[in-house]
Structure formats: structure tokens, C-alpha cells
Amino acid sequence: MRQTGYMEVALEEARAAAARGEVPIGAVVVQGGGIVARAGNRTRELADPTAHAEMLAIRAACAALAAERLAEADLFVTLEPCAMCAGAISFARIRRLYFGAADDKGGAVVNGPRFFGQPTCHHAPEIYSGFGERESAELLKGFFRDRRG
């Protein structure tokens with residue numbers, strides 16, 4: 001499967017999150033040419049502010065691989081990760097990060113604190129943006145537009 005295919009799976013997770021009333025963000029962890037874990041936001045469902053798609057996918061991948069580090073894994077996520085998720089990506093030693101839409105307000109990769117460029121960052125993945133950007137942005141805009149009525 002190509003990068004665009006993995007991002008489509010992340011978008012499926014984002015759509016499923018929206019259907020559950022969650023902010024529509026999806027993430028997929030890939031290693032060795034296959035999907036190891038996939039998740040969508042579940043902060044409301046789990047009453048857990050850390051239950052972002054990236055965090056859940058990283059936790060599931062670590063459990064599936066019985067490893068605390070994912071040095072050979074790539075993460076696909078529909079929205080630019082926040083500072084919390086960027087920290088988890090760094091500590092998990094994710095090899096590559098692919099994300100869809102930039103997040104001017106809460107992003108921490110190319111916006112805000114630019115976490116991976118900080119001298120205190122232990123590991124920075126290769127970063128690729130713009131994969132599924134239009135679809136990711138439209139999904140989020142539609143979700144919030146519907147909420148505001």
C-alpha cells in the first residue's frame with residue numbers, strides 16, 4: 001500500500017470518530033509494509049483527554065509489537081499533531097510522520113512550538129505534510145460547522 005492508501009485508512013478512522021461524536025482525527029501506524037495499529041479520537045467516549053488518535057494508535061502498536069519503541073514504524077495522521085502527541089511520537093522513536101492538514105491553532109510540528117526542532121527533543125522523525133490535506137481539512141470543517149449549527 002502506498003502513503004496515500006495509508007492516509008485513506010487514517011481518514012476512515014477520522015470519519016468513524018466523527019460518527020461517534022468525536023473530533024474527526026484518525027491515525028495509522030505502519031511497519032514492514034503493513035498496518036500495525038489504527039485509531040480515531042476517543043477523548044469523549046473514554047473521558048480521557050489523552051485519547052487522541054495518535055496516542056491510541058501508538059499504544060496499540062507498542063502492545064501489538066511488544067515494544068516500547070517503534071523505530072521502524074511510520075505514523076499517518078489526518079491532522080498535524082499537538083504537543084502531547086508530538087512528545088509521544090518522539091519518545092516512541094517513530095521513524096516517519098505523515099500528516100494531512102496543518103493545525104494553525106493546536107499543531108506543534110510546523111506550527112506553534114515546532115516540537116521536533118527544540119533542543120530538548122530526544123528524537124525527531126522525518127516529517128511529510130499535505131497527504132490527504134484537502135479531505136482532512138474538509139472533514140474537520142464540516143464537523144465543526146455541523147456542531148455550531
# chains A, B, ... in the order shown; residues from 1 in each chain; ligands from 1
>>> residues_around(residues="A:Arg134", least_positions_apart="5", cutoff="10 Å", atoms="only C-alpha atoms", output="count of residues only")
4
>>> residues_around(residues="A:Ala83", least_positions_apart="4", cutoff="8 Å", atoms="only C-alpha atoms", output="PyMOL selection string")
chain A and resi 87+106-109+113+115
>>> closest_atom_pairs(of="stretch 93-115 of chain A", to="stretch 25-38 of chain A", cutoff="10 Å", atoms="only C-alpha atoms", output="Markdown table")
| residue | atom | partner | partner_atom | distance |
| --- | --- | --- | --- | --- |
| A:Ile94 | CA | A:Val29 | CA | 9.0 |
| A:Arg95 | CA | A:Gln31 | CA | 9.7 |
| A:Arg96 | CA | A:Val30 | CA | 9.7 |
| A:Leu97 | CA | A:Val29 | CA | 9.5 |
| A:Tyr98 | CA | A:Ala27 | CA | 9.7 |
| A:Phe99 | CA | A:Ala27 | CA | 9.0 |
| A:Gly100 | CA | A:Ile25 | CA | 10.0 |
>>> select_by_dssp(residues="chain A", states="strand (DSSP E)", output="ChimeraX atom specification")
/A:26-31,34-40,73-79,96-101,126-129
>>> closest_residue(among="A:Pro125, A:Gly142, A:Pro24, A:Gly130", to="A:Ala88", atoms="only C-alpha atoms")
A:Pro125
>>> atom_distance(atom1="atom CA of A:Ala60", atom2="atom CA of A:Phe143")
26.0 Å
>>> atom_distance(atom1="atom CA of A:Phe76", atom2="atom CA of A:Ala57")
9.8 Å
>>> atom_distance(atom1="atom CA of A:Glu54", atom2="atom CA of A:Glu133")
16.8 Å
>>> residues_around(residues="A:Gly117", least_positions_apart="3", cutoff="12 Å", atoms="only C-alpha atoms", output="JSON list (two decimals) with all heavy atoms, in the first residue's frame")
[["chain", "number", "residue", "atom", "x", "y", "z"],
["A", 86, "ALA", "N", 3.13, 14.96, 19.72],
["A", 86, "ALA", "CA", 4.50, 15.09, 19.22],
["A", 86, "ALA", "C", 5.48, 14.50, 20.23],
["A", 86, "ALA", "O", 6.43, 13.82, 19.85],
["A", 86, "ALA", "CB", 4.83, 16.55, 18.92],
["A", 87, "GLY", "N", 5.23, 14.74, 21.51],
["A", 87, "GLY", "CA", 6.08, 14.15, 22.55],
["A", 87, "GLY", "C", 6.04, 12.64, 22.50],
["A", 87, "GLY", "O", 7.07, 11.96, 22.59],
["A", 90, "SER", "N", 7.98, 11.34, 19.55],
["A", 90, "SER", "CA", 9.41, 11.40, 19.82],
["A", 90, "SER", "C", 9.85, 10.27, 20.74],
["A", 90, "SER", "O", 10.82, 9.56, 20.46],
["A", 90, "SER", "CB", 9.75, 12.76, 20.44],
["A", 90, "SER", "OG", 11.12, 12.83, 20.77],
["A", 108, "ALA", "N", 1.80, 21.33, 16.65],
["A", 108, "ALA", "CA", 3.10, 21.54, 17.30],
["A", 108, "ALA", "C", 4.26, 21.01, 16.46],
["A", 108, "ALA", "O", 5.35, 20.80, 16.96],
["A", 108, "ALA", "CB", 3.10, 20.86, 18.66],
["A", 109, "VAL", "N", 4.00, 20.79, 15.17],
["A", 109, "VAL", "CA", 5.04, 20.26, 14.30],
["A", 109, "VAL", "C", 5.56, 21.36, 13.37],
["A", 109, "VAL", "O", 6.73, 21.70, 13.42],
["A", 109, "VAL", "CB", 4.53, 19.04, 13.49],
["A", 109, "VAL", "CG1", 5.58, 18.54, 12.51],
["A", 109, "VAL", "CG2", 4.11, 17.92, 14.44],
["A", 110, "VAL", "N", 4.68, 21.92, 12.54],
["A", 110, "VAL", "CA", 5.07, 23.04, 11.67],
["A", 110, "VAL", "C", 4.49, 24.35, 12.18],
["A", 110, "VAL", "O", 4.83, 25.41, 11.67],
["A", 110, "VAL", "CB", 4.67, 22.80, 10.20],
["A", 110, "VAL", "CG1", 5.39, 21.58, 9.63],
["A", 110, "VAL", "CG2", 3.17, 22.67, 10.03],
["A", 111, "ASN", "N", 3.63, 24.27, 13.16],
["A", 111, "ASN", "CA", 3.04, 25.44, 13.81],
["A", 111, "ASN", "C", 3.40, 25.44, 15.29],
["A", 111, "ASN", "O", 3.99, 24.48, 15.79],
["A", 111, "ASN", "CB", 1.51, 25.42, 13.65],
["A", 111, "ASN", "CG", 1.09, 25.72, 12.23],
["A", 111, "ASN", "OD1", 1.26, 26.82, 11.76],
["A", 111, "ASN", "ND2", 0.56, 24.70, 11.55],
["A", 112, "GLY", "N", 3.02, 26.50, 15.98],
["A", 112, "GLY", "CA", 3.21, 26.56, 17.42],
["A", 112, "GLY", "C", 4.65, 26.32, 17.84],
["A", 112, "GLY", "O", 5.57, 26.90, 17.28],
["A", 113, "PRO", "N", 4.85, 25.43, 18.82],
["A", 113, "PRO", "CA", 6.20, 25.24, 19.38],
["A", 113, "PRO", "C", 7.18, 24.50, 18.48],
["A", 113, "PRO", "O", 8.37, 24.45, 18.78],
["A", 113, "PRO", "CB", 5.93, 24.42, 20.64],
["A", 113, "PRO", "CG", 4.67, 23.69, 20.38],
["A", 113, "PRO", "CD", 3.84, 24.63, 19.53],
["A", 114, "ARG", "N", 6.70, 23.93, 17.38],
["A", 114, "ARG", "CA", 7.59, 23.16, 16.48],
["A", 114, "ARG", "C", 8.46, 22.20, 17.30],
["A", 114, "ARG", "O", 9.68, 22.28, 17.31],
["A", 114, "ARG", "CB", 8.41, 24.09, 15.61],
["A", 114, "ARG", "CG", 7.53, 24.94, 14.73],
["A", 114, "ARG", "CD", 8.29, 25.88, 13.87],
["A", 114, "ARG", "NE", 7.34, 26.70, 13.13],
["A", 114, "ARG", "CZ", 7.61, 27.31, 12.02],
["A", 114, "ARG", "NH1", 8.80, 27.23, 11.49],
["A", 114, "ARG", "NH2", 6.69, 28.02, 11.42],
["A", 120, "THR", "N", 15.52, 20.27, 23.27],
["A", 120, "THR", "CA", 15.19, 19.25, 24.28],
["A", 120, "THR", "C", 14.51, 18.02, 23.69],
["A", 120, "THR", "O", 14.24, 17.06, 24.40],
["A", 120, "THR", "CB", 14.28, 19.85, 25.37],
["A", 120, "THR", "OG1", 13.14, 20.42, 24.72],
["A", 120, "THR", "CG2", 15.01, 20.90, 26.18],
["A", 121, "CYS", "N", 14.26, 18.03, 22.39],
["A", 121, "CYS", "CA", 13.61, 16.90, 21.72],
["A", 121, "CYS", "C", 14.62, 15.77, 21.57],
["A", 121, "CYS", "O", 15.70, 15.94, 21.01],
["A", 121, "CYS", "CB", 13.08, 17.34, 20.36],
["A", 121, "CYS", "SG", 12.29, 16.01, 19.44],
["A", 122, "HIS", "N", 14.25, 14.58, 22.06],
["A", 122, "HIS", "CA", 15.15, 13.42, 22.04],
["A", 122, "HIS", "C", 15.26, 12.79, 20.65],
["A", 122, "HIS", "O", 16.29, 12.25, 20.29],
["A", 122, "HIS", "CB", 14.67, 12.36, 23.03],
["A", 122, "HIS", "CG", 14.71, 12.82, 24.43],
["A", 122, "HIS", "ND1", 15.85, 12.80, 25.19],
["A", 122, "HIS", "CD2", 13.74, 13.33, 25.23],
["A", 122, "HIS", "CE1", 15.60, 13.27, 26.38],
["A", 122, "HIS", "NE2", 14.33, 13.60, 26.44],
["A", 123, "HIS", "N", 14.18, 12.79, 19.92],
["A", 123, "HIS", "CA", 14.15, 12.16, 18.59],
["A", 123, "HIS", "C", 13.16, 12.91, 17.71],
["A", 123, "HIS", "O", 12.05, 13.20, 18.14],
["A", 123, "HIS", "CB", 13.71, 10.69, 18.71],
["A", 123, "HIS", "CG", 13.34, 10.08, 17.39],
["A", 123, "HIS", "ND1", 14.28, 9.64, 16.50],
["A", 123, "HIS", "CD2", 12.12, 9.89, 16.81],
["A", 123, "HIS", "CE1", 13.65, 9.16, 15.42],
["A", 123, "HIS", "NE2", 12.36, 9.31, 15.58],
["A", 124, "ALA", "N", 13.57, 13.20, 16.50],
["A", 124, "ALA", "CA", 12.68, 13.85, 15.54],
["A", 124, "ALA", "C", 12.49, 12.92, 14.34],
["A", 124, "ALA", "O", 13.47, 12.47, 13.74],
["A", 124, "ALA", "CB", 13.27, 15.18, 15.08],
["A", 125, "PRO", "N", 11.24, 12.62, 13.99],
["A", 125, "PRO", "CA", 11.00, 11.78, 12.81],
["A", 125, "PRO", "C", 11.20, 12.60, 11.54],
["A", 125, "PRO", "O", 11.24, 13.83, 11.58],
["A", 125, "PRO", "CB", 9.53, 11.41, 12.98],
["A", 125, "PRO", "CG", 8.93, 12.59, 13.66],
["A", 125, "PRO", "CD", 9.99, 13.07, 14.62],
["A", 126, "GLU", "N", 11.30, 11.90, 10.42],
["A", 126, "GLU", "CA", 11.20, 12.58, 9.14],
["A", 126, "GLU", "C", 9.74, 13.04, 9.05],
["A", 126, "GLU", "O", 8.84, 12.30, 9.46],
["A", 126, "GLU", "CB", 11.50, 11.62, 7.99],
["A", 126, "GLU", "CG", 12.92, 11.13, 7.94],
["A", 126, "GLU", "CD", 13.11, 10.09, 6.85],
["A", 126, "GLU", "OE1", 12.37, 10.12, 5.83],
["A", 126, "GLU", "OE2", 13.98, 9.23, 7.03],
["A", 127, "ILE", "N", 9.51, 14.23, 8.54],
["A", 127, "ILE", "CA", 8.15, 14.79, 8.51],
["A", 127, "ILE", "C", 7.73, 15.09, 7.08],
["A", 127, "ILE", "O", 8.46, 15.72, 6.32],
["A", 127, "ILE", "CB", 8.09, 16.09, 9.35],
["A", 127, "ILE", "CG1", 8.48, 15.81, 10.79],
["A", 127, "ILE", "CG2", 6.70, 16.72, 9.26],
["A", 127, "ILE", "CD1", 8.78, 17.05, 11.61]]
>>> closest_residue(among="A:Gly132, A:Ala47, A:Met1, A:Ala39", to="A:Arg59", atoms="only C-alpha atoms")
A:Ala39
>>> select_by_dssp(residues="chain A", states="alpha helix (DSSP H)", output="count of residues only")
60
>>> closest_residue(among="A:Ala64, A:Ala137, A:Ala92, A:Ala18", to="A:Gly40", atoms="only C-alpha atoms")
A:Ala18
